[in-house]
Amino acid sequence: AVASAAPGPVLAGVGADRRAWRGGCIDAAMAAEEKAEAAGPSISISLNRNPTVFYNLARRYLRTSESVVLSALEAAILTAVDASFLLSKARIAEVAKVDTAYTTVFSTRMNREIARSRISITMKRTPEYVKFLQENGGDDGEEG
């Protein structure tokens, strides 16, 4: 439990709990990540790798977990969407939920906090993939 002071300014996000991080207020990103952890493992998407890397990682998580959350900030949002598309196209998982929000990050270059757009895509295993895993003993037959 986090003790909170007076609520900070509300950002143009979804819901009233999308507040900027200001001296003890609840950070919307932390609250969203706590909800995402309940949904399954979370993969933080970056621009350093292409979408197929995150597709393969999500596929591995989905062998043992019912769902996985792809989470990305700013320019990496496109990579997260591409990875979720690859999972859908391969019939491994389907999009169960998409959350968008603004989260604040501290910029050392500007020496202040900046609001950044964020997306969380919850992917749920398809019944076809579950059946495939059961028939093949939990191994999807791909190295990687």
# chains A, B, ... in the order shown; residues from 1 in each chain; ligands from 1
>>> residues_around(residues="Ser42 in chain A", least_positions_apart="6", cutoff="7 Å", atoms="only C-alpha atoms", output="list in words")
Ala36, Val68, Val69, Leu70 and Ser71 of chain A
>>> closest_residue(among="A:Arg60, A:Arg118, A:Gly40, A:Lys89", to="Ala76 in chain A", atoms="only C-alpha atoms")
A:Arg118
>>> closest_residue(among="A:Ile114, A:Met123, A:Ile77, A:Ala72", to="Lys97 in chain A", atoms="only C-alpha atoms")
A:Met123
>>> residues_around(residues="range 51-58 of chain A", least_positions_apart="4", cutoff="8 Å", atoms="only C-alpha atoms", output="list of chain:residue names")
A:Ile43, A:Ile45, A:Leu62, A:Val68, A:Thr79, A:Ala80, A:Asp82, A:Ala83, A:Ser84, A:Leu86, A:Leu87, A:Gly144
>>> write_last_selection(atoms="all heavy atoms", output="compact mmCIF listing (two decimals), in the first residue's frame")
# COMPACT_ATOMS: atom_id res chain seq x y z
N ILE A 43 5.90 -8.96 -21.24
CA ILE A 43 7.08 -8.79 -22.06
C ILE A 43 7.21 -7.31 -22.38
O ILE A 43 6.29 -6.71 -22.93
CB ILE A 43 6.97 -9.60 -23.37
CG1 ILE A 43 6.83 -11.08 -23.06
CG2 ILE A 43 8.16 -9.33 -24.27
CD1 ILE A 43 6.54 -11.94 -24.28
N ILE A 45 8.47 -4.61 -24.60
CA ILE A 45 8.90 -4.50 -25.99
C ILE A 45 9.84 -3.31 -26.14
O ILE A 45 9.60 -2.25 -25.57
CB ILE A 45 7.68 -4.33 -26.92
CG1 ILE A 45 6.64 -5.41 -26.69
CG2 ILE A 45 8.11 -4.25 -28.37
CD1 ILE A 45 7.03 -6.79 -27.11
N LEU A 62 3.56 -18.82 -23.82
CA LEU A 62 2.20 -19.36 -23.99
C LEU A 62 2.17 -20.88 -23.95
O LEU A 62 1.10 -21.47 -23.89
CB LEU A 62 1.58 -18.83 -25.29
CG LEU A 62 1.20 -17.36 -25.24
CD1 LEU A 62 0.86 -16.84 -26.62
CD2 LEU A 62 0.04 -17.13 -24.27
N VAL A 68 -0.37 -13.78 -22.10
CA VAL A 68 0.87 -13.01 -21.99
C VAL A 68 0.53 -11.56 -22.33
O VAL A 68 -0.38 -11.29 -23.11
CB VAL A 68 1.97 -13.58 -22.92
CG1 VAL A 68 1.62 -13.40 -24.38
CG2 VAL A 68 3.31 -12.98 -22.62
N THR A 79 6.12 -2.09 -32.79
CA THR A 79 6.72 -3.41 -32.66
C THR A 79 5.81 -4.34 -31.87
O THR A 79 5.65 -5.52 -32.20
CB THR A 79 8.10 -3.31 -31.98
OG1 THR A 79 8.90 -2.38 -32.71
CG2 THR A 79 8.80 -4.65 -31.94
N ALA A 80 5.17 -3.82 -30.81
CA ALA A 80 4.24 -4.63 -30.01
C ALA A 80 3.03 -5.04 -30.84
O ALA A 80 2.57 -6.19 -30.77
CB ALA A 80 3.80 -3.85 -28.78
N ASP A 82 2.94 -5.35 -34.11
CA ASP A 82 3.42 -6.34 -35.09
C ASP A 82 3.57 -7.72 -34.46
O ASP A 82 3.20 -8.73 -35.05
CB ASP A 82 4.76 -5.90 -35.69
CG ASP A 82 4.60 -4.76 -36.68
OD1 ASP A 82 3.46 -4.47 -37.11
OD2 ASP A 82 5.63 -4.14 -37.03
N ALA A 83 4.12 -7.79 -33.25
CA ALA A 83 4.29 -9.07 -32.57
C ALA A 83 2.93 -9.70 -32.27
O ALA A 83 2.75 -10.91 -32.44
CB ALA A 83 5.09 -8.89 -31.28
N SER A 84 1.96 -8.89 -31.83
CA SER A 84 0.62 -9.43 -31.56
C SER A 84 -0.04 -9.90 -32.85
O SER A 84 -0.75 -10.90 -32.87
CB SER A 84 -0.25 -8.39 -30.86
OG SER A 84 -0.56 -7.32 -31.72
N LEU A 86 1.57 -11.16 -35.47
CA LEU A 86 2.20 -12.43 -35.80
C LEU A 86 1.61 -13.58 -34.98
O LEU A 86 1.39 -14.67 -35.51
CB LEU A 86 3.71 -12.35 -35.58
CG LEU A 86 4.49 -11.45 -36.56
CD1 LEU A 86 5.93 -11.30 -36.09
CD2 LEU A 86 4.42 -11.99 -37.96
N LEU A 87 1.35 -13.33 -33.70
CA LEU A 87 0.74 -14.36 -32.85
C LEU A 87 -0.67 -14.70 -33.32
O LEU A 87 -1.08 -15.86 -33.33
CB LEU A 87 0.71 -13.91 -31.39
CG LEU A 87 2.06 -13.86 -30.68
CD1 LEU A 87 1.96 -13.07 -29.39
CD2 LEU A 87 2.56 -15.27 -30.41
N GLY A 144 14.49 -22.47 -30.67
CA GLY A 144 14.67 -21.04 -30.60
C GLY A 144 14.69 -20.48 -29.29
O GLY A 144 14.70 -19.45 -28.92
>>> atom_distance(atom1="CA of Lys124 in chain A", atom2="CA of Phe85 in chain A")
12.7 Å
>>> atom_distance(atom1="CA of Val130 in chain A", atom2="CA of Ser44 in chain A")
24.2 Å
>>> closest_residue(among="A:Thr122, A:Ser107, A:Ser46, A:Asn136", to="Leu73 in chain A", atoms="only C-alpha atoms")
A:Ser46
>>> closest_residue(among="A:Ala75, A:Leu133, A:Leu47, A:Ala93", to="Ser117 in chain A", atoms="only C-alpha atoms")
A:Ala75
>>> atom_distance(atom1="CA of Tyr129 in chain A", atom2="CA of Thr100 in chain A")
27.2 Å
>>> select_by_dssp(residues="range 25-124 of chain A", states="strand (DSSP E)", output="MDAnalysis selection string")
chainID A and resid 42:44 67:73 93:107 112:124
>>> decode(residues="range 75-86 of chain A", atoms="all heavy atoms", output="PDB file, in the first residue's frame")
ATOM      1  N   ALA A  75       7.584   4.783 -29.469  1.00  0.00           N
ATOM      2  CA  ALA A  75       7.861   4.253 -30.800  1.00  0.00           C
ATOM      3  C   ALA A  75       7.845   2.726 -30.843  1.00  0.00           C
ATOM      4  O   ALA A  75       7.634   2.138 -31.905  1.00  0.00           O
ATOM      5  CB  ALA A  75       9.206   4.774 -31.298  1.00  0.00           C
ATOM      6  N   ALA A  76       8.033   2.058 -29.718  1.00  0.00           N
ATOM      7  CA  ALA A  76       8.015   0.595 -29.676  1.00  0.00           C
ATOM      8  C   ALA A  76       6.592   0.037 -29.752  1.00  0.00           C
ATOM      9  O   ALA A  76       6.427  -1.183 -29.857  1.00  0.00           O
ATOM     10  CB  ALA A  76       8.714   0.104 -28.416  1.00  0.00           C
ATOM     11  N   ILE A  77       5.596   0.903 -29.719  1.00  0.00           N
ATOM     12  CA  ILE A  77       4.204   0.450 -29.812  1.00  0.00           C
ATOM     13  C   ILE A  77       3.987  -0.303 -31.124  1.00  0.00           C
ATOM     14  O   ILE A  77       3.309  -1.333 -31.158  1.00  0.00           O
ATOM     15  CB  ILE A  77       3.229   1.641 -29.656  1.00  0.00           C
ATOM     16  CG1 ILE A  77       3.247   2.125 -28.212  1.00  0.00           C
ATOM     17  CG2 ILE A  77       1.823   1.274 -30.096  1.00  0.00           C
ATOM     18  CD1 ILE A  77       2.439   3.385 -27.958  1.00  0.00           C
ATOM     19  N   LEU A  78       4.560   0.177 -32.210  1.00  0.00           N
ATOM     20  CA  LEU A  78       4.419  -0.488 -33.502  1.00  0.00           C
ATOM     21  C   LEU A  78       4.986  -1.901 -33.464  1.00  0.00           C
ATOM     22  O   LEU A  78       4.395  -2.837 -34.004  1.00  0.00           O
ATOM     23  CB  LEU A  78       5.112   0.329 -34.594  1.00  0.00           C
ATOM     24  CG  LEU A  78       5.034  -0.248 -36.001  1.00  0.00           C
ATOM     25  CD1 LEU A  78       3.579  -0.333 -36.457  1.00  0.00           C
ATOM     26  CD2 LEU A  78       5.826   0.604 -36.951  1.00  0.00           C
ATOM     27  N   THR A  79       6.116  -2.087 -32.791  1.00  0.00           N
ATOM     28  CA  THR A  79       6.719  -3.414 -32.657  1.00  0.00           C
ATOM     29  C   THR A  79       5.808  -4.339 -31.866  1.00  0.00           C
ATOM     30  O   THR A  79       5.652  -5.518 -32.205  1.00  0.00           O
ATOM     31  CB  THR A  79       8.101  -3.307 -31.981  1.00  0.00           C
ATOM     32  OG1 THR A  79       8.899  -2.376 -32.710  1.00  0.00           O
ATOM     33  CG2 THR A  79       8.804  -4.646 -31.939  1.00  0.00           C
ATOM     34  N   ALA A  80       5.169  -3.821 -30.813  1.00  0.00           N
ATOM     35  CA  ALA A  80       4.240  -4.627 -30.008  1.00  0.00           C
ATOM     36  C   ALA A  80       3.029  -5.043 -30.840  1.00  0.00           C
ATOM     37  O   ALA A  80       2.573  -6.187 -30.766  1.00  0.00           O
ATOM     38  CB  ALA A  80       3.798  -3.849 -28.777  1.00  0.00           C
ATOM     39  N   VAL A  81       2.511  -4.123 -31.632  1.00  0.00           N
ATOM     40  CA  VAL A  81       1.361  -4.439 -32.486  1.00  0.00           C
ATOM     41  C   VAL A  81       1.755  -5.483 -33.529  1.00  0.00           C
ATOM     42  O   VAL A  81       0.996  -6.419 -33.800  1.00  0.00           O
ATOM     43  CB  VAL A  81       0.812  -3.155 -33.153  1.00  0.00           C
ATOM     44  CG1 VAL A  81      -0.231  -3.477 -34.205  1.00  0.00           C
ATOM     45  CG2 VAL A  81       0.226  -2.230 -32.094  1.00  0.00           C
ATOM     46  N   ASP A  82       2.945  -5.353 -34.113  1.00  0.00           N
ATOM     47  CA  ASP A  82       3.417  -6.336 -35.087  1.00  0.00           C
ATOM     48  C   ASP A  82       3.573  -7.721 -34.457  1.00  0.00           C
ATOM     49  O   ASP A  82       3.203  -8.730 -35.051  1.00  0.00           O
ATOM     50  CB  ASP A  82       4.756  -5.898 -35.695  1.00  0.00           C
ATOM     51  CG  ASP A  82       4.603  -4.758 -36.683  1.00  0.00           C
ATOM     52  OD1 ASP A  82       3.462  -4.473 -37.110  1.00  0.00           O
ATOM     53  OD2 ASP A  82       5.633  -4.139 -37.027  1.00  0.00           O
ATOM     54  N   ALA A  83       4.122  -7.787 -33.250  1.00  0.00           N
ATOM     55  CA  ALA A  83       4.288  -9.067 -32.565  1.00  0.00           C
ATOM     56  C   ALA A  83       2.930  -9.702 -32.268  1.00  0.00           C
ATOM     57  O   ALA A  83       2.754 -10.911 -32.443  1.00  0.00           O
ATOM     58  CB  ALA A  83       5.086  -8.887 -31.283  1.00  0.00           C
ATOM     59  N   SER A  84       1.961  -8.889 -31.833  1.00  0.00           N
ATOM     60  CA  SER A  84       0.622  -9.426 -31.561  1.00  0.00           C
ATOM     61  C   SER A  84      -0.041  -9.902 -32.852  1.00  0.00           C
ATOM     62  O   SER A  84      -0.755 -10.903 -32.866  1.00  0.00           O
ATOM     63  CB  SER A  84      -0.255  -8.394 -30.856  1.00  0.00           C
ATOM     64  OG  SER A  84      -0.561  -7.324 -31.717  1.00  0.00           O
ATOM     65  N   PHE A  85       0.212  -9.195 -33.964  1.00  0.00           N
ATOM     66  CA  PHE A  85      -0.323  -9.622 -35.256  1.00  0.00           C
ATOM     67  C   PHE A  85       0.263 -10.969 -35.669  1.00  0.00           C
ATOM     68  O   PHE A  85      -0.458 -11.842 -36.177  1.00  0.00           O
ATOM     69  CB  PHE A  85      -0.039  -8.561 -36.329  1.00  0.00           C
ATOM     70  CG  PHE A  85      -0.422  -9.002 -37.708  1.00  0.00           C
ATOM     71  CD1 PHE A  85      -1.754  -9.041 -38.092  1.00  0.00           C
ATOM     72  CD2 PHE A  85       0.544  -9.380 -38.621  1.00  0.00           C
ATOM     73  CE1 PHE A  85      -2.111  -9.456 -39.363  1.00  0.00           C
ATOM     74  CE2 PHE A  85       0.199  -9.798 -39.890  1.00  0.00           C
ATOM     75  CZ  PHE A  85      -1.135  -9.838 -40.266  1.00  0.00           C
ATOM     76  N   LEU A  86       1.566 -11.156 -35.466  1.00  0.00           N
ATOM     77  CA  LEU A  86       2.198 -12.428 -35.797  1.00  0.00           C
ATOM     78  C   LEU A  86       1.608 -13.580 -34.982  1.00  0.00           C
ATOM     79  O   LEU A  86       1.385 -14.672 -35.506  1.00  0.00           O
ATOM     80  CB  LEU A  86       3.712 -12.346 -35.581  1.00  0.00           C
ATOM     81  CG  LEU A  86       4.489 -11.454 -36.555  1.00  0.00           C
ATOM     82  CD1 LEU A  86       5.930 -11.296 -36.089  1.00  0.00           C
ATOM     83  CD2 LEU A  86       4.421 -11.990 -37.962  1.00  0.00           C
TER      84      LEU A  86
END
